[in-house]
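Notes follow once the structure below has been shown.
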Amino acid sequence: MEEEVKKLNFLEEIIEEDLKSGKYESILTRFPPEPNGYLHLGHAKSLCINFGLAQKYGGKTNLRYDDTNPVKEDVEYVDSIKEDIKWLGFQWEKECYASDYFDQLYEWAEDLIKRGLAYVDDQTQEEISKGRGTVDKPGIESPYRNRSVEENLKLFREMRDGVYADGEKVLRAKIDMAHPNMMFRDPLLYRIKHASHHRTGDKWCIYPMYDYTHGQCDSIEHITHSICTLEFDVHRPLYDWFIQTLGIFPSHQYEFARLNLTYTLMSKRKLLELVQKGLVAGWDDPRMPTLCGVRRRGYTADALKMFCDKIGVSKRDQLIDLQLLEWCVRQDLNARANRYMVVQDPVKVTITNYPEEQVEWFDCPLNPAEPEGASRKVPFTRELWIDRADFMEDAPKKFFRLKPEGEVRLKYTYIIKCDEVVKDGSGNVVELRCSYDPSTRPGSGEWRSVKGTIHWVSTRYAKALELRNYDKLFTLADMSQVPEDKDYKDFLNPESLTLGKGLAEPALLEDKSGIAVQFERTGYYVLDKDSTPDHAVFNRTVTLKDSYKPE
């Protein structure tokens, strides 16, 4: 049977037609983040689209920072963005900044003034907003709209030279205050901000607005397909107006639906508030939807790419189930994560007929999918830890783990039988005294089967762990539907982080794979940066199993 051909998404259809018609010989996309915060999962989708399309069609992608607001931007964010893009496995063609083009943008602004298409407005921001009108009501022309070209040039140059205070004047395009698209009602081109810029220092005290900057930057770089999220579709006509009016390279904008994920929000403003108020432990808190956060949690770049491929590219907003992302993480880690045994709620097992000082080192595969692949050595001794959940004193008929007079196989090793249950004064089980059957050692030539297999750790060689078990950051599935009388922070999940302890086989702390590992029968965990040589900290990446199946 022939493999099904994957249907092209609408962006692929556009690009293939553009290449086929000869409109472009090759394509050039761009990823244009504002360096005012850390990248999040929504940016991962945009990265996969922009870089993915360029890779598929033999094109290239520029990284361009939209650094037009010095008050909110920082080198810290610039560096983190590059780190995140590299982690995802993408490499940009050119590293660009909107600030690279400040001189050219200024020249174009003067050109618009000279052509009677821009003017300096003295109104306050409130007055300008009020004068725009509404969707059903045309705007009101500014009393400063008909200043002469000479006066506008003089005032604009004085704005540039620092004569005026922040907010005292702005430069606006002169288009149409009655236009049905409110973006055309004399949009702002420049505002005054006496703030030092992370790249240009104090050279400028006027900074261009997004709508005046973005299309022209695309044009300067000869971006063929400027791909952004759906909320910018109303900006596209203005994007085209500036390019056509200035007579420059005709870049064109295309919009796709942004990523909306259950139990998650991806507003940089709100994520920053969580950080600043100490409600999370920083931008890279593993509960955060930032790329540095999910990386610290143990999500892999391949899992995120698989997720972005699964959700596809559409023009319709939809809410994606967080479980799909977790499914992709499991799929990726299941194929390549090393396995180790870790006991989280220990009860002691003493094998009474096993020599007291004897140690056997069992050769155990790191991944069952590759039984002939790499392995680790696991020590077996007389005294062991097992998880309390793997023993039941009054067990039902179909309980196939350890119970009084019952047998179970200790994974990779022997079958044991529970002979005696030892309790403390409060009736709590503190020790299980068992016997083992030496003939049941794997590879000994004799084999008998029991229905239960449980994991274990030698008490003598066990390594103590701190476990951070992470869950959803919010309790509301659709965070866009926060009631008007509530704040989004009211829906923070008090159980988003629970702390635990673990006892691990020693090979775990020697793992150099660099990715999350599987705690057998429990979940996937990754070593955290807070670990020290004497104190290992592991973050839960995702639980082991889930009933969720993708469509």
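Residue numbers start at 1 in each chain; chains themselves are named A, B, ... in the order of the structure tokens; ligands are numbered from 1 in the order shown.
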Polymer residues at most 12 Å from Tyr299 in chain A, only C-alpha atoms, same-chain spacing of 2 or more positions, as an NGL selection string: :A and (41 or 87-88 or 286-287 or 289-297 or 301-307 or 325-333 or 337 or 514-517 or 524-526 or 539-542)
May I ask which of the residues A:Leu39, A:Phe156, A:His198, A:Asp186 is the closest one to Lys72 in chain A, counting only C-alpha atoms?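 Among the listed residues, the smallest separation from Lys72 in chain A belongs to A:His198.
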Counting only C-alpha atoms, which residue out of A:Ile175, A:Ile351, A:Ile220, A:Leu155 sits closest to Glu141 in chain A?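 Ranking A:Ile175, A:Ile351, A:Ile220, A:Leu155 by distance to Glu141 in chain A, first place goes to A:Ile175.
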Can you list every residue of range 220-249 of chain A that has an atom at most 12 Å from range 12-23 of chain A, with its nearest atom pair and the distance in Å to one decimal, using only C-alpha atoms, ordered by chain then number, as a tab-separated table?
residue	atom	partner	partner_atom	distance
A:Thr224	CA	A:Ile15	CA	9.3
A:His225	CA	A:Ile15	CA	8.1
A:Ser226	CA	A:Ile15	CA	11.5
A:Ile227	CA	A:Ile15	CA	11.5
Can you tell me, as a ChimeraX atom specification, which residues in range 339-406 of chain A count as strand (DSSP E or B) by DSSP? /A:339-340,342-343,346-351,360-365,375-380,383-387,391,402,404
Near Glu466 in chain A, within 12 Å and counting only C-alpha atoms, which residues show up once chain neighbours fewer than 2 positions away are dropped, as a PDB file with N, CA, C and O atoms, in the first residue's frame?
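Output below, filename part26.pdb:
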ATOM      1  N   VAL A 342      13.490   3.595  40.812  1.00  0.00           N
ATOM      2  CA  VAL A 342      13.452   4.565  41.909  1.00  0.00           C
ATOM      3  C   VAL A 342      12.240   4.249  42.773  1.00  0.00           C
ATOM      4  O   VAL A 342      11.135   4.075  42.262  1.00  0.00           O
ATOM      5  N   VAL A 343      12.446   4.168  44.073  1.00  0.00           N
ATOM      6  CA  VAL A 343      11.371   3.893  45.031  1.00  0.00           C
ATOM      7  C   VAL A 343      11.022   5.204  45.725  1.00  0.00           C
ATOM      8  O   VAL A 343      11.907   5.889  46.249  1.00  0.00           O
ATOM      9  N   GLN A 344       9.723   5.574  45.716  1.00  0.00           N
ATOM     10  CA  GLN A 344       9.332   6.876  46.255  1.00  0.00           C
ATOM     11  C   GLN A 344       8.629   6.784  47.610  1.00  0.00           C
ATOM     12  O   GLN A 344       8.636   7.758  48.366  1.00  0.00           O
ATOM     13  N   LYS A 463      20.575   5.785  46.434  1.00  0.00           N
ATOM     14  CA  LYS A 463      20.930   7.192  46.406  1.00  0.00           C
ATOM     15  C   LYS A 463      19.675   8.034  46.644  1.00  0.00           C
ATOM     16  O   LYS A 463      18.658   7.850  45.977  1.00  0.00           O
ATOM     17  N   ALA A 464      19.773   8.958  47.601  1.00  0.00           N
ATOM     18  CA  ALA A 464      18.615   9.787  47.954  1.00  0.00           C
ATOM     19  C   ALA A 464      18.406  10.888  46.918  1.00  0.00           C
ATOM     20  O   ALA A 464      19.359  11.501  46.438  1.00  0.00           O
ATOM     21  N   ARG A 468      10.656  16.856  42.443  1.00  0.00           N
ATOM     22  CA  ARG A 468       9.708  17.949  42.257  1.00  0.00           C
ATOM     23  C   ARG A 468       8.688  17.490  41.227  1.00  0.00           C
ATOM     24  O   ARG A 468       8.995  17.359  40.040  1.00  0.00           O
ATOM     25  N   ASN A 469       7.497  17.237  41.689  1.00  0.00           N
ATOM     26  CA  ASN A 469       6.446  16.701  40.817  1.00  0.00           C
ATOM     27  C   ASN A 469       5.575  17.856  40.326  1.00  0.00           C
ATOM     28  O   ASN A 469       4.829  18.466  41.105  1.00  0.00           O
ATOM     29  N   THR A 498       4.349  19.590  43.845  1.00  0.00           N
ATOM     30  CA  THR A 498       4.405  18.852  45.104  1.00  0.00           C
ATOM     31  C   THR A 498       5.795  18.248  45.222  1.00  0.00           C
ATOM     32  O   THR A 498       6.372  17.787  44.235  1.00  0.00           O
ATOM     33  N   LEU A 499       6.323  18.247  46.433  1.00  0.00           N
ATOM     34  CA  LEU A 499       7.671  17.759  46.664  1.00  0.00           C
ATOM     35  C   LEU A 499       7.642  16.331  47.180  1.00  0.00           C
ATOM     36  O   LEU A 499       6.744  15.940  47.928  1.00  0.00           O
ATOM     37  N   GLY A 500       8.604  15.557  46.768  1.00  0.00           N
ATOM     38  CA  GLY A 500       8.699  14.178  47.220  1.00  0.00           C
ATOM     39  C   GLY A 500      10.155  13.764  47.379  1.00  0.00           C
ATOM     40  O   GLY A 500      11.077  14.542  47.136  1.00  0.00           O
ATOM     41  N   LYS A 501      10.346  12.541  47.802  1.00  0.00           N
ATOM     42  CA  LYS A 501      11.686  11.975  47.947  1.00  0.00           C
ATOM     43  C   LYS A 501      11.747  10.648  47.206  1.00  0.00           C
ATOM     44  O   LYS A 501      10.725   9.997  46.982  1.00  0.00           O
ATOM     45  N   GLY A 502      12.947  10.265  46.858  1.00  0.00           N
ATOM     46  CA  GLY A 502      13.122   8.998  46.165  1.00  0.00           C
ATOM     47  C   GLY A 502      14.419   8.340  46.572  1.00  0.00           C
ATOM     48  O   GLY A 502      15.349   8.983  47.067  1.00  0.00           O
ATOM     49  N   LEU A 503      14.473   7.035  46.390  1.00  0.00           N
ATOM     50  CA  LEU A 503      15.680   6.244  46.607  1.00  0.00           C
ATOM     51  C   LEU A 503      15.969   5.528  45.302  1.00  0.00           C
ATOM     52  O   LEU A 503      15.133   4.765  44.803  1.00  0.00           O
ATOM     53  N   ALA A 504      17.135   5.786  44.732  1.00  0.00           N
ATOM     54  CA  ALA A 504      17.425   5.342  43.368  1.00  0.00           C
ATOM     55  C   ALA A 504      18.599   4.378  43.320  1.00  0.00           C
ATOM     56  O   ALA A 504      19.496   4.408  44.169  1.00  0.00           O
ATOM     57  N   TYR A 525      11.610  11.743  34.426  1.00  0.00           N
ATOM     58  CA  TYR A 525      12.203  12.772  35.284  1.00  0.00           C
ATOM     59  C   TYR A 525      13.513  13.243  34.673  1.00  0.00           C
ATOM     60  O   TYR A 525      14.202  12.484  33.978  1.00  0.00           O
ATOM     61  N   VAL A 526      13.865  14.503  34.985  1.00  0.00           N
ATOM     62  CA  VAL A 526      15.118  15.057  34.476  1.00  0.00           C
ATOM     63  C   VAL A 526      15.887  15.704  35.631  1.00  0.00           C
ATOM     64  O   VAL A 526      15.289  16.302  36.532  1.00  0.00           O
ATOM     65  N   LEU A 527      17.191  15.581  35.596  1.00  0.00           N
ATOM     66  CA  LEU A 527      18.049  16.175  36.621  1.00  0.00           C
ATOM     67  C   LEU A 527      17.974  17.691  36.530  1.00  0.00           C
ATOM     68  O   LEU A 527      18.136  18.268  35.456  1.00  0.00           O
ATOM     69  N   ASP A 528      17.732  18.365  37.652  1.00  0.00           N
ATOM     70  CA  ASP A 528      17.581  19.819  37.662  1.00  0.00           C
ATOM     71  C   ASP A 528      18.907  20.512  37.930  1.00  0.00           C
ATOM     72  O   ASP A 528      19.813  19.953  38.561  1.00  0.00           O
ATOM     73  N   ASP A 530      19.500  22.728  39.988  1.00  0.00           N
ATOM     74  CA  ASP A 530      19.712  22.983  41.411  1.00  0.00           C
ATOM     75  C   ASP A 530      20.486  21.863  42.096  1.00  0.00           C
ATOM     76  O   ASP A 530      20.844  21.985  43.277  1.00  0.00           O
ATOM     77  N   SER A 531      20.719  20.774  41.394  1.00  0.00           N
ATOM     78  CA  SER A 531      21.423  19.634  41.981  1.00  0.00           C
ATOM     79  C   SER A 531      22.865  20.002  42.326  1.00  0.00           C
ATOM     80  O   SER A 531      23.486  20.845  41.681  1.00  0.00           O
ATOM     81  N   THR A 532      23.373  19.359  43.369  1.00  0.00           N
ATOM     82  CA  THR A 532      24.783  19.457  43.747  1.00  0.00           C
ATOM     83  C   THR A 532      25.323  18.027  43.822  1.00  0.00           C
ATOM     84  O   THR A 532      24.546  17.061  43.790  1.00  0.00           O
ATOM     85  N   ASP A 534      26.160  16.428  46.260  1.00  0.00           N
ATOM     86  CA  ASP A 534      25.631  15.749  47.453  1.00  0.00           C
ATOM     87  C   ASP A 534      24.112  15.757  47.530  1.00  0.00           C
ATOM     88  O   ASP A 534      23.538  15.207  48.466  1.00  0.00           O
ATOM     89  N   HIS A 535      23.469  16.415  46.571  1.00  0.00           N
ATOM     90  CA  HIS A 535      22.006  16.544  46.656  1.00  0.00           C
ATOM     91  C   HIS A 535      21.418  16.565  45.249  1.00  0.00           C
ATOM     92  O   HIS A 535      21.470  17.585  44.559  1.00  0.00           O
ATOM     93  N   ALA A 536      20.871  15.449  44.826  1.00  0.00           N
ATOM     94  CA  ALA A 536      20.305  15.336  43.478  1.00  0.00           C
ATOM     95  C   ALA A 536      18.836  15.746  43.486  1.00  0.00           C
ATOM     96  O   ALA A 536      18.056  15.269  44.311  1.00  0.00           O
ATOM     97  N   VAL A 537      18.481  16.636  42.555  1.00  0.00           N
ATOM     98  CA  VAL A 537      17.100  17.108  42.412  1.00  0.00           C
ATOM     99  C   VAL A 537      16.602  16.698  41.034  1.00  0.00           C
ATOM    100  O   VAL A 537      17.249  16.992  40.024  1.00  0.00           O
ATOM    101  N   PHE A 538      15.447  16.037  41.002  1.00  0.00           N
ATOM    102  CA  PHE A 538      14.858  15.614  39.730  1.00  0.00           C
ATOM    103  C   PHE A 538      13.473  16.218  39.566  1.00  0.00           C
ATOM    104  O   PHE A 538      12.660  16.217  40.493  1.00  0.00           O
ATOM    105  N   ASN A 539      13.215  16.756  38.370  1.00  0.00           N
ATOM    106  CA  ASN A 539      11.908  17.305  38.019  1.00  0.00           C
ATOM    107  C   ASN A 539      11.108  16.265  37.248  1.00  0.00           C
ATOM    108  O   ASN A 539      11.635  15.646  36.326  1.00  0.00           O
ATOM    109  N   ARG A 540       9.837  16.118  37.624  1.00  0.00           N
ATOM    110  CA  ARG A 540       8.985  15.230  36.821  1.00  0.00           C
ATOM    111  C   ARG A 540       8.638  15.921  35.509  1.00  0.00           C
ATOM    112  O   ARG A 540       8.076  17.012  35.492  1.00  0.00           O
TER     113      ARG A 540
END
Among A:Val408, A:Gly42, A:Gln91, A:Glu221, Arg258 in chain A is approached most closely, using only C-alpha atoms, by A:Gly42
Choose the residue, out of A:Phe102, A:Tyr38, A:Tyr263, A:Tyr190, that has the smallest atom-to-atom separation from Glu73 in chain A; count only C-alpha atoms.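 Closest to Glu73 in chain A, using only C-alpha atoms: A:Tyr38.
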Please list as a VMD selection string every residue within 8 Å of Asp211 in chain A, counting only C-alpha atoms and excluding residues in the same chain fewer than 2 positions away. chain A and resid 189 209 213 to 215 235 238 to 239
Next, dump the selected residues to file, keeping only C-alpha atoms, as a PDB file, in the first residue's frame.
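Saved the output as part_36.pdb:
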ATOM      1  CA  LEU A 189       4.610  56.511  13.337  1.00  0.00           C
ATOM      2  CA  MET A 209       5.862  52.199  16.186  1.00  0.00           C
ATOM      3  CA  THR A 213       8.529  49.400  11.453  1.00  0.00           C
ATOM      4  CA  HIS A 214       7.581  45.844  10.656  1.00  0.00           C
ATOM      5  CA  GLY A 215       6.713  45.927   6.962  1.00  0.00           C
ATOM      6  CA  HIS A 235      -2.743  45.256  10.306  1.00  0.00           C
ATOM      7  CA  LEU A 238      -1.569  49.169   6.609  1.00  0.00           C
ATOM      8  CA  TYR A 239       1.537  46.991   6.164  1.00  0.00           C
TER       9      TYR A 239
END
Name the residues in contact with range 105-107 of chain A at a cut-off of 12 Å, using only C-alpha atoms, excluding same-chain residues fewer than 6 positions from it; report them as a PyMOL selection string. chain A and resi 68+98-99+113-114+153+156-157+159-160+171+189-190+204+206-217+219-220+242-243+246
Take the residues from that selection and put them in a file with N, CA, C and O atoms, as a short mmCIF file (atom, residue, chain, number, x, y, z; two decimals), in the first residue's frame.
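Below is the file that was written, selection.cif:
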data_model
loop_
_atom_site.label_atom_id
_atom_site.label_comp_id
_atom_site.auth_asym_id
_atom_site.auth_seq_id
_atom_site.Cartn_x
_atom_site.Cartn_y
_atom_site.Cartn_z
N THR A 68 12.08 48.10 19.27
CA THR A 68 11.68 49.51 19.10
C THR A 68 11.16 50.12 20.39
O THR A 68 10.71 51.26 20.38
N ALA A 98 15.58 45.63 14.31
CA ALA A 98 14.89 46.80 13.76
C ALA A 98 15.74 48.05 13.95
O ALA A 98 15.74 48.95 13.10
N SER A 99 16.50 48.08 15.03
CA SER A 99 17.36 49.25 15.29
C SER A 99 18.46 49.40 14.24
O SER A 99 19.02 50.50 14.09
N ILE A 113 6.61 63.16 5.40
CA ILE A 113 6.28 64.55 5.78
C ILE A 113 6.36 65.46 4.57
O ILE A 113 5.46 66.28 4.31
N LYS A 114 7.44 65.34 3.80
CA LYS A 114 7.65 66.21 2.63
C LYS A 114 6.56 66.02 1.58
O LYS A 114 6.24 66.95 0.83
N LEU A 153 8.46 69.31 9.48
CA LEU A 153 9.87 68.89 9.44
C LEU A 153 10.65 69.47 10.61
O LEU A 153 11.44 68.78 11.25
N PHE A 156 9.51 67.69 13.84
CA PHE A 156 9.97 66.29 13.88
C PHE A 156 11.47 66.22 14.18
O PHE A 156 11.94 65.38 14.94
N ARG A 157 12.23 67.14 13.57
CA ARG A 157 13.67 67.17 13.84
C ARG A 157 13.95 67.59 15.28
O ARG A 157 14.89 67.09 15.91
N MET A 159 11.91 66.87 17.74
CA MET A 159 11.61 65.64 18.49
C MET A 159 12.83 64.74 18.51
O MET A 159 13.23 64.21 19.57
N ARG A 160 13.44 64.56 17.35
CA ARG A 160 14.65 63.73 17.23
C ARG A 160 15.78 64.26 18.09
O ARG A 160 16.54 63.49 18.70
N LEU A 171 4.49 61.65 15.86
CA LEU A 171 4.36 61.78 14.41
C LEU A 171 3.30 60.80 13.95
O LEU A 171 3.34 59.61 14.31
N LEU A 189 3.36 57.00 13.93
CA LEU A 189 4.61 56.51 13.34
C LEU A 189 5.76 56.55 14.34
O LEU A 189 6.58 55.65 14.38
N TYR A 190 5.83 57.64 15.13
CA TYR A 190 6.92 57.80 16.10
C TYR A 190 6.38 58.37 17.41
O TYR A 190 5.45 59.19 17.41
N TRP A 204 19.08 57.87 20.00
CA TRP A 204 17.71 58.23 19.65
C TRP A 204 16.87 58.50 20.89
O TRP A 204 17.05 57.84 21.91
N ILE A 206 13.50 59.24 19.90
CA ILE A 206 12.23 58.93 19.24
C ILE A 206 12.35 57.51 18.69
O ILE A 206 13.41 57.10 18.20
N TYR A 207 11.27 56.76 18.81
CA TYR A 207 11.28 55.36 18.39
C TYR A 207 10.05 55.06 17.54
O TYR A 207 8.94 55.52 17.85
N PRO A 208 10.26 54.30 16.45
CA PRO A 208 9.14 54.01 15.53
C PRO A 208 8.16 53.01 16.13
O PRO A 208 8.54 52.13 16.91
N MET A 209 6.91 53.13 15.74
CA MET A 209 5.86 52.20 16.19
C MET A 209 5.93 50.91 15.38
O MET A 209 6.46 50.86 14.26
N TYR A 210 5.31 49.85 15.93
CA TYR A 210 5.35 48.53 15.28
C TYR A 210 4.84 48.58 13.85
O TYR A 210 5.49 48.06 12.93
N ASP A 211 3.69 49.21 13.64
CA ASP A 211 3.09 49.18 12.30
C ASP A 211 3.91 49.95 11.27
O ASP A 211 3.84 49.66 10.08
N TYR A 212 4.68 50.92 11.73
CA TYR A 212 5.54 51.65 10.81
C TYR A 212 6.85 50.90 10.58
O TYR A 212 7.50 51.09 9.56
N THR A 213 7.22 50.06 11.49
CA THR A 213 8.53 49.40 11.45
C THR A 213 8.52 48.07 10.72
O THR A 213 9.40 47.77 9.90
N HIS A 214 7.51 47.26 11.00
CA HIS A 214 7.58 45.84 10.66
C HIS A 214 7.66 45.59 9.15
O HIS A 214 8.56 44.88 8.67
N GLY A 215 6.72 46.17 8.40
CA GLY A 215 6.71 45.93 6.96
C GLY A 215 7.94 46.47 6.27
O GLY A 215 8.50 45.84 5.35
N GLN A 216 8.40 47.65 6.72
CA GLN A 216 9.59 48.23 6.10
C GLN A 216 10.84 47.39 6.38
O GLN A 216 11.71 47.24 5.53
N CYS A 217 10.94 46.84 7.59
CA CYS A 217 12.07 45.96 7.90
C CYS A 217 12.03 44.71 7.02
O CYS A 217 13.06 44.26 6.50
N SER A 219 10.76 44.57 4.11
CA SER A 219 11.11 45.03 2.76
C SER A 219 12.61 45.22 2.60
O SER A 219 13.20 44.81 1.59
N ILE A 220 13.24 45.84 3.59
CA ILE A 220 14.68 46.07 3.53
C ILE A 220 15.43 44.74 3.39
O ILE A 220 16.40 44.63 2.63
N PHE A 242 2.12 51.18 3.62
CA PHE A 242 3.44 51.78 3.80
C PHE A 242 4.40 51.34 2.69
O PHE A 242 5.14 52.15 2.12
N ILE A 243 4.39 50.04 2.37
CA ILE A 243 5.29 49.53 1.34
C ILE A 243 4.98 50.15 -0.02
O ILE A 243 5.88 50.60 -0.75
N LEU A 246 5.80 54.00 -0.06
CA LEU A 246 7.24 54.28 -0.11
C LEU A 246 7.89 53.72 -1.37
O LEU A 246 9.05 54.04 -1.67
#
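Across the model, the gap from CA of Arg336 in chain A to CA of Lys377 in chain A is 18.6 Å.
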For Glu76 in chain A: contacts at 10 Å, only C-alpha atoms, fewer than 3 positions along chain excluded, given as a list in words: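 The neighbour list is Pro35, Asn36, Gly37, Tyr38, Glu73, Asp79, Ser80 and Ile81 of chain A.
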All residues 7 Å or closer to Phe256 in chain A, only C-alpha atoms, same chain fewer than 3 positions away omitted, as a tab-separated table (two decimals) with C-alpha atoms, in the first residue's frame:
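That gives us result22.tsv:
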chain	number	residue	atom	x	y	z
A	228	CYS	CA	2.61	36.02	11.67
A	229	THR	CA	-0.34	35.15	13.90
A	230	LEU	CA	-3.97	35.82	13.08
A	313	VAL	CA	-1.17	25.26	10.32
A	314	SER	CA	-4.63	26.73	10.02
A	315	LYS	CA	-6.46	30.04	9.73
Measuring between only C-alpha atoms, which one of A:Ser449, A:Ser267, A:Ser142, A:Gln104 shows the shortest distance to Glu127 in chain A?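 That would be A:Ser142, the residue with the smallest distance to Glu127 in chain A.
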Would you mind telling me which residue in A:Arg145, A:Gly131, A:Val275, A:Lys310 lies nearest to Cys48 in chain A when using only C-alpha atoms?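 Among A:Arg145, A:Gly131, A:Val275, A:Lys310, it is A:Lys310 that comes nearest to Cys48 in chain A.
From CA of Thr350 in chain A back to CA of Leu509 in chain A, the distance works out to 24.9 Å.
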